[in-house]
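**Student:** Input structure: work-v1.pdb, which contains PDB, C-alpha atoms.
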ATOM      1  CA  MET U   1     -42.167 -48.682  55.707
ATOM      2  CA  GLU U   2     -42.744 -44.952  55.482
ATOM      3  CA  LYS U   3     -45.575 -43.595  57.589
ATOM      4  CA  VAL U   4     -48.984 -43.497  55.944
ATOM      5  CA  THR U   5     -52.022 -41.242  56.351
ATOM      6  CA  GLY U   6     -55.340 -42.936  55.690
ATOM      7  CA  ILE U   7     -57.960 -40.773  53.988
ATOM      8  CA  VAL U   8     -61.558 -41.962  54.177
ATOM      9  CA  LEU U   9     -63.398 -40.351  51.267
ATOM     10  CA  ALA U  10     -66.859 -39.343  52.520
ATOM     11  CA  GLY U  11     -67.260 -36.059  50.677
ATOM     12  CA  GLY U  12     -69.855 -37.039  48.085
ATOM     13  CA  GLN U  13     -73.526 -36.207  47.795
ATOM     14  CA  GLY U  14     -74.873 -39.767  47.740
ATOM     15  CA  ARG U  15     -77.040 -39.057  44.685
ATOM     16  CA  ARG U  16     -77.511 -42.735  43.814
ATOM     17  CA  MET U  17     -78.670 -43.335  47.373
ATOM     18  CA  GLY U  18     -81.291 -40.608  47.284
ATOM     19  CA  GLY U  19     -79.077 -37.760  48.473
ATOM     20  CA  VAL U  20     -78.228 -39.240  51.869
ATOM     21  CA  ASP U  21     -74.720 -39.214  53.341
ATOM     22  CA  LYS U  22     -73.581 -42.729  52.409
ATOM     23  CA  GLY U  23     -70.881 -42.997  55.040
ATOM     24  CA  LEU U  24     -73.407 -42.496  57.809
ATOM     25  CA  GLN U  25     -75.918 -45.064  56.527
ATOM     26  CA  PRO U  26     -76.216 -48.057  58.850
ATOM     27  CA  LEU U  27     -74.812 -51.413  57.820
ATOM     28  CA  ARG U  28     -75.328 -54.184  60.363
ATOM     29  CA  GLY U  29     -76.049 -51.595  63.064
ATOM     30  CA  ARG U  30     -73.078 -49.284  62.408
ATOM     31  CA  PRO U  31     -72.406 -46.486  59.919
ATOM     32  CA  MET U  32     -70.608 -47.694  56.785
ATOM     33  CA  ALA U  33     -67.738 -45.285  57.474
ATOM     34  CA  ALA U  34     -67.203 -46.960  60.857
ATOM     35  CA  TRP U  35     -66.578 -50.287  59.086
ATOM     36  CA  VAL U  36     -64.110 -48.627  56.691
ATOM     37  CA  ILE U  37     -62.253 -46.914  59.549
ATOM     38  CA  GLU U  38     -62.130 -50.137  61.561
ATOM     39  CA  ARG U  39     -60.436 -51.957  58.673
ATOM     40  CA  LEU U  40     -58.158 -49.082  57.591
ATOM     41  CA  ALA U  41     -56.957 -47.714  60.955
ATOM     42  CA  PRO U  42     -54.680 -50.672  61.860
ATOM     43  CA  GLN U  43     -52.932 -50.277  58.489
ATOM     44  CA  VAL U  44     -52.007 -46.576  58.814
ATOM     45  CA  ASP U  45     -50.385 -44.117  61.213
ATOM     46  CA  GLU U  46     -53.105 -41.467  60.979
ATOM     47  CA  ILE U  47     -56.722 -41.305  59.799
ATOM     48  CA  LEU U  48     -58.405 -38.305  58.190
ATOM     49  CA  VAL U  49     -62.037 -38.240  57.126
ATOM     50  CA  ASN U  50     -62.842 -36.114  54.097
ATOM     51  CA  ALA U  51     -66.450 -34.961  54.517
ATOM     52  CA  ASN U  52     -68.360 -31.971  53.177
ATOM     53  CA  GLN U  53     -71.480 -32.391  55.278
ATOM     54  CA  ASN U  54     -72.299 -33.800  58.714
ATOM     55  CA  ALA U  55     -68.808 -32.994  60.001
ATOM     56  CA  GLU U  56     -69.941 -33.357  63.616
ATOM     57  CA  ALA U  57     -71.249 -36.873  62.984
ATOM     58  CA  TYR U  58     -67.976 -37.868  61.330
ATOM     59  CA  ALA U  59     -65.979 -36.281  64.158
ATOM     60  CA  HIS U  60     -67.641 -38.772  66.539
ATOM     61  CA  PHE U  61     -65.427 -41.473  65.020
ATOM     62  CA  GLY U  62     -62.536 -39.749  66.799
ATOM     63  CA  TYR U  63     -60.535 -38.579  63.809
ATOM     64  CA  ARG U  64     -59.905 -35.232  62.162
ATOM     65  CA  VAL U  65     -62.502 -34.235  59.550
ATOM     66  CA  VAL U  66     -61.279 -32.242  56.549
ATOM     67  CA  PRO U  67     -63.664 -30.760  53.972
ATOM     68  CA  ASP U  68     -62.847 -30.156  50.323
ATOM     69  CA  SER U  69     -61.179 -26.832  49.672
ATOM     70  CA  LEU U  70     -62.851 -26.810  46.240
ATOM     71  CA  ASP U  71     -66.500 -25.821  45.926
ATOM     72  CA  GLY U  72     -69.302 -27.962  44.607
ATOM     73  CA  PHE U  73     -68.639 -31.578  45.626
ATOM     74  CA  ALA U  74     -65.827 -31.896  43.072
ATOM     75  CA  GLY U  75     -65.365 -35.650  43.458
ATOM     76  CA  PRO U  76     -62.724 -37.986  44.883
ATOM     77  CA  LEU U  77     -59.801 -35.913  43.595
ATOM     78  CA  ALA U  78     -61.036 -32.998  45.697
ATOM     79  CA  GLY U  79     -61.137 -35.340  48.686
ATOM     80  CA  LEU U  80     -57.630 -36.578  47.973
ATOM     81  CA  HIS U  81     -56.487 -32.971  47.599
ATOM     82  CA  ALA U  82     -57.970 -32.011  50.998
ATOM     83  CA  GLY U  83     -56.461 -35.116  52.575
ATOM     84  CA  LEU U  84     -52.994 -34.533  51.141
ATOM     85  CA  GLN U  85     -53.093 -30.921  52.367
ATOM     86  CA  ALA U  86     -53.846 -32.132  55.900
ATOM     87  CA  ALA U  87     -51.710 -35.303  55.900
ATOM     88  CA  SER U  88     -48.826 -35.570  58.333
ATOM     89  CA  HIS U  89     -46.993 -38.365  56.535
ATOM     90  CA  PRO U  90     -45.154 -38.860  53.207
ATOM     91  CA  LEU U  91     -47.633 -41.443  51.930
ATOM     92  CA  ALA U  92     -51.419 -41.407  51.879
ATOM     93  CA  VAL U  93     -53.917 -44.135  51.100
ATOM     94  CA  THR U  94     -57.508 -43.505  50.087
ATOM     95  CA  ALA U  95     -60.578 -45.614  50.716
ATOM     96  CA  PRO U  96     -64.201 -44.652  50.041
ATOM     97  CA  CYS U  97     -66.717 -44.564  52.873
ATOM     98  CA  ASP U  98     -69.061 -46.899  50.968
ATOM     99  CA  SER U  99     -66.651 -49.856  50.730
ATOM    100  CA  PRO U 100     -66.860 -51.476  54.157
ATOM    101  CA  PHE U 101     -65.137 -54.719  53.119
ATOM    102  CA  LEU U 102     -61.764 -53.265  52.039
ATOM    103  CA  PRO U 103     -58.757 -55.576  52.341
ATOM    104  CA  LEU U 104     -57.009 -55.799  55.694
ATOM    105  CA  ASP U 105     -53.704 -55.914  53.810
ATOM    106  CA  LEU U 106     -54.474 -53.068  51.371
ATOM    107  CA  VAL U 107     -51.666 -50.754  52.468
ATOM    108  CA  VAL U 108     -48.908 -53.334  52.787
ATOM    109  CA  ARG U 109     -49.643 -54.778  49.346
ATOM    110  CA  LEU U 110     -49.870 -51.373  47.653
ATOM    111  CA  HIS U 111     -46.658 -50.289  49.370
ATOM    112  CA  ALA U 112     -44.830 -53.457  48.340
ATOM    113  CA  SER U 113     -45.442 -52.550  44.686
ATOM    114  CA  LEU U 114     -45.071 -48.752  44.896
ATOM    115  CA  GLY U 115     -41.299 -48.709  44.372
ATOM    116  CA  SER U 116     -40.276 -45.427  42.758
ATOM    117  CA  ASN U 117     -43.767 -44.824  41.349
ATOM    118  CA  GLU U 118     -45.898 -41.914  42.497
ATOM    119  CA  LEU U 119     -49.032 -43.967  42.970
ATOM    120  CA  ALA U 120     -50.094 -47.588  43.429
ATOM    121  CA  VAL U 121     -53.705 -48.453  42.668
ATOM    122  CA  ALA U 122     -55.646 -51.618  43.463
ATOM    123  CA  LYS U 123     -57.195 -53.624  40.640
ATOM    124  CA  THR U 124     -59.160 -56.816  40.212
ATOM    125  CA  GLY U 125     -59.062 -58.515  36.847
ATOM    126  CA  ASP U 126     -58.824 -55.716  34.296
ATOM    127  CA  GLN U 127     -60.675 -53.259  36.549
ATOM    128  CA  PRO U 128     -58.625 -50.669  38.442
ATOM    129  CA  HIS U 129     -60.192 -49.259  41.609
ATOM    130  CA  PRO U 130     -58.876 -45.684  41.547
ATOM    131  CA  VAL U 131     -60.263 -44.685  44.937
ATOM    132  CA  PHE U 132     -58.168 -47.437  46.564
ATOM    133  CA  ALA U 133     -54.713 -46.009  46.044
ATOM    134  CA  LEU U 134     -51.458 -45.306  47.834
ATOM    135  CA  VAL U 135     -49.977 -41.991  46.756
ATOM    136  CA  ARG U 136     -46.896 -39.988  47.577
ATOM    137  CA  ARG U 137     -47.784 -36.722  49.305
ATOM    138  CA  ALA U 138     -45.171 -35.048  47.095
ATOM    139  CA  VAL U 139     -47.671 -35.141  44.180
ATOM    140  CA  LEU U 140     -49.797 -32.463  45.888
ATOM    141  CA  PRO U 141     -48.521 -29.539  43.731
ATOM    142  CA  HIS U 142     -49.148 -31.608  40.585
ATOM    143  CA  LEU U 143     -52.687 -32.394  41.771
ATOM    144  CA  GLU U 144     -53.322 -28.735  42.628
ATOM    145  CA  HIS U 145     -52.296 -27.740  39.093
ATOM    146  CA  PHE U 146     -54.521 -30.431  37.558
ATOM    147  CA  LEU U 147     -57.509 -29.246  39.616
ATOM    148  CA  ALA U 148     -56.793 -25.566  38.884
ATOM    149  CA  GLU U 149     -56.917 -26.404  35.160
ATOM    150  CA  GLY U 150     -60.420 -27.837  35.652
ATOM    151  CA  GLY U 151     -59.458 -31.511  35.821
ATOM    152  CA  ARG U 152     -61.831 -33.652  37.880
ATOM    153  CA  LYS U 153     -61.533 -37.180  36.472
ATOM    154  CA  ILE U 154     -59.378 -39.373  38.639
ATOM    155  CA  ASP U 155     -58.344 -41.622  35.718
ATOM    156  CA  ALA U 156     -57.193 -38.611  33.695
ATOM    157  CA  TRP U 157     -55.020 -37.439  36.593
ATOM    158  CA  TYR U 158     -53.562 -40.909  37.161
ATOM    159  CA  ALA U 159     -52.600 -41.027  33.481
ATOM    160  CA  THR U 160     -50.177 -38.134  34.105
ATOM    161  CA  LEU U 161     -48.320 -39.964  36.904
ATOM    162  CA  ALA U 162     -45.985 -42.924  37.295
ATOM    163  CA  VAL U 163     -48.563 -45.512  38.392
ATOM    164  CA  VAL U 164     -48.401 -49.196  39.192
ATOM    165  CA  GLU U 165     -51.525 -51.345  39.334
ATOM    166  CA  VAL U 166     -51.598 -53.965  42.082
ATOM    167  CA  SER U 167     -53.647 -57.132  41.632
ATOM    168  CA  PHE U 168     -56.113 -58.051  44.354
ATOM    169  CA  ASP U 169     -57.790 -60.823  42.364
ATOM    170  CA  ASP U 170     -57.738 -62.966  45.499
ATOM    171  CA  GLN U 171     -59.997 -60.411  47.253
ATOM    172  CA  ALA U 172     -62.248 -59.113  44.466
ATOM    173  CA  ASP U 173     -65.296 -58.783  46.760
ATOM    174  CA  ALA U 174     -63.337 -56.525  49.111
ATOM    175  CA  PHE U 175     -63.725 -53.649  46.660
ATOM    176  CA  ARG U 176     -67.501 -53.880  46.450
ATOM    177  CA  ASN U 177     -69.021 -50.512  47.129
ATOM    178  CA  ILE U 178     -72.538 -49.798  48.244
ATOM    179  CA  ASN U 179     -74.135 -47.115  46.084
ATOM    180  CA  THR U 180     -77.881 -47.671  46.465
ATOM    181  CA  LEU U 181     -80.304 -48.419  49.272
ATOM    182  CA  ASP U 182     -80.997 -51.829  47.691
ATOM    183  CA  GLU U 183     -77.263 -52.648  47.723
ATOM    184  CA  LEU U 184     -77.134 -51.546  51.364
ATOM    185  CA  LYS U 185     -80.076 -53.765  52.264
ATOM    186  CA  ASN U 186     -78.465 -56.735  50.497
ATOM    187  CA  ALA U 187     -75.112 -56.211  52.209
TER     188      ALA U 187
END
Will you turn the file into structure tokens for me?

**Tutor:**
Amino acid sequence: MEKVTGIVLAGGQGRRMGGVDKGLQPLRGRPMAAWVIERLAPQVDEILVNANQNAEAYAHFGYRVVPDSLDGFAGPLAGLHAGLQAASHPLAVTAPCDSPFLPLDLVVRLHASLGSNELAVAKTGDQPHPVFALVRRAVLPHLEHFLAEGGRKIDAWYATLAVVEVSFDDQADAFRNINTLDELKNA
């Protein structure tokens, strides 16, 4: 298998959680991002953390922190863009910092279906999970053009690529993300 860079997406503002940095919120005594990194790191050859605030706190996890190069918290595509710019390997996988239960076989299953496609995205039922995707680093110029034209919606960008959706119906709960303080308390 080609080498893979893991990109933990922690660049958001956490608006639905009251403006706190979601990745640093404690879940069972550890920051949520720590749970994501623990599950993703064994699956990849390199980890990058995309964060636009609290870089020092994220650096304590022991991995390189890369901020968006676009202004204004431009969303997960900006995080992917920053990660692809910094990635050392031909493939990159993304996982959000607020999904601490991600599958332990995420990368191998996405890779098994990637084939000649540019991107493989996880889905459960009819619901794709666009922030859980394996992407070829070679799409970086295409992504840069999309962003330069004002594109910000991840689904709209995916629609311009050769994409395969990969079923994870056997692990639907693994894609649960924690967006609010109530969801965090219940997790």

**Student:** Please tabulate, as CSV, the residues of range 91-176 of chain U that come within 7 Å of range 33-39 of chain U, each with its closest pair of atoms and the distance in Å to one decimal, counting all atoms listed in the file and ordering rows by chain, then residue number upward.

**Tutor:**
residue,atom,partner,partner_atom,distance
U:Cys97,CA,U:Ala33,CA,4.8
U:Asp98,CA,U:Ala33,CA,6.8
U:Ser99,CA,U:Val36,CA,6.6
U:Pro100,CA,U:Val36,CA,4.7
U:Leu102,CA,U:Arg39,CA,6.9
U:Leu104,CA,U:Arg39,CA,5.9

**Student:** Find the residues around range 163-172 of chain U up to 6 Å (all atoms listed in the file counted), leave out those fewer than 2 positions away in its own chain, and share them as a count of residues only.

**Tutor:** 9

**Student:** Take the PyMOL selection byres ((chain U and resi 141-151) around 10), run it mentally on this structure, and tell me the resulting residues as a list in words.

**Tutor:**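 On the file shown, the PyMOL selection byres ((chain U and resi 141-151) around 10) covers Leu70, Ala74, Leu77, Ala78, Leu80, His81, Leu84, Gln85, Arg137, Ala138, Val139, Leu140, Arg152, Lys153, Ile154, Ala156, Trp157, Tyr158, Thr160 and Leu161 of chain U.
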
**Student:** Mind pulling up the distance from CA of Val4 in chain U to CA of Ala95 in chain U?

**Tutor:**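 Answer for the CA of Ala95 in chain U to CA of Val4 in chain U separation: 12.9 Å.
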
**Student:** Can you work out which one of U:Thr5, U:Asn177, U:Asn52, U:Ser69 has the shortest atom-to-atom distance to Asp21 in chain U, counting only C-alpha atoms?

**Tutor:** U:Asn52

**Student:** For Val65 in chain U, which of U:Leu91, U:Leu106, U:Ile7, U:Met32 is the closest residue, counting only C-alpha atoms?

**Tutor:**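 Counting only C-alpha atoms, the residue closest to Val65 in chain U is U:Ile7.
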
**Student:** Let me make sure I understand: among U:Pro128, U:Gly115, U:Pro76, U:Gly83, which one has the smallest atom-to-atom distance to Pro96 in chain U if we use all atoms listed in the file?

**Tutor:**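 Among the listed residues, U:Pro76 lies closest to Pro96 in chain U.
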
**Student:** Hey, can you check how far CA of Leu9 in chain U sits from CA of Asn50 in chain U?

**Tutor:**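 Distance reported for this atom pair: 5.1 Å.
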
**Student:** Mind pulling up the distance from CA of Val135 in chain U to CA of Glu118 in chain U?

**Tutor:** 5.9 Å

**Student:** Which residue out of U:Ala162, U:Ser116, U:Pro42, U:Arg176 has the minimum interatomic distance to Phe132 in chain U when all atoms listed in the file are used?

**Tutor:**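 Once distances to Phe132 in chain U are computed over all atoms listed in the file, the minimum belongs to U:Arg176.
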
**Student:** Give the answer as one residue: which of U:Val108, U:Phe61, U:His129, U:His89 has the shortest atom-to-atom distance to Arg30 in chain U, using all atoms listed in the file?

**Tutor:**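 Counting all atoms listed in the file, the residue closest to Arg30 in chain U is U:Phe61.
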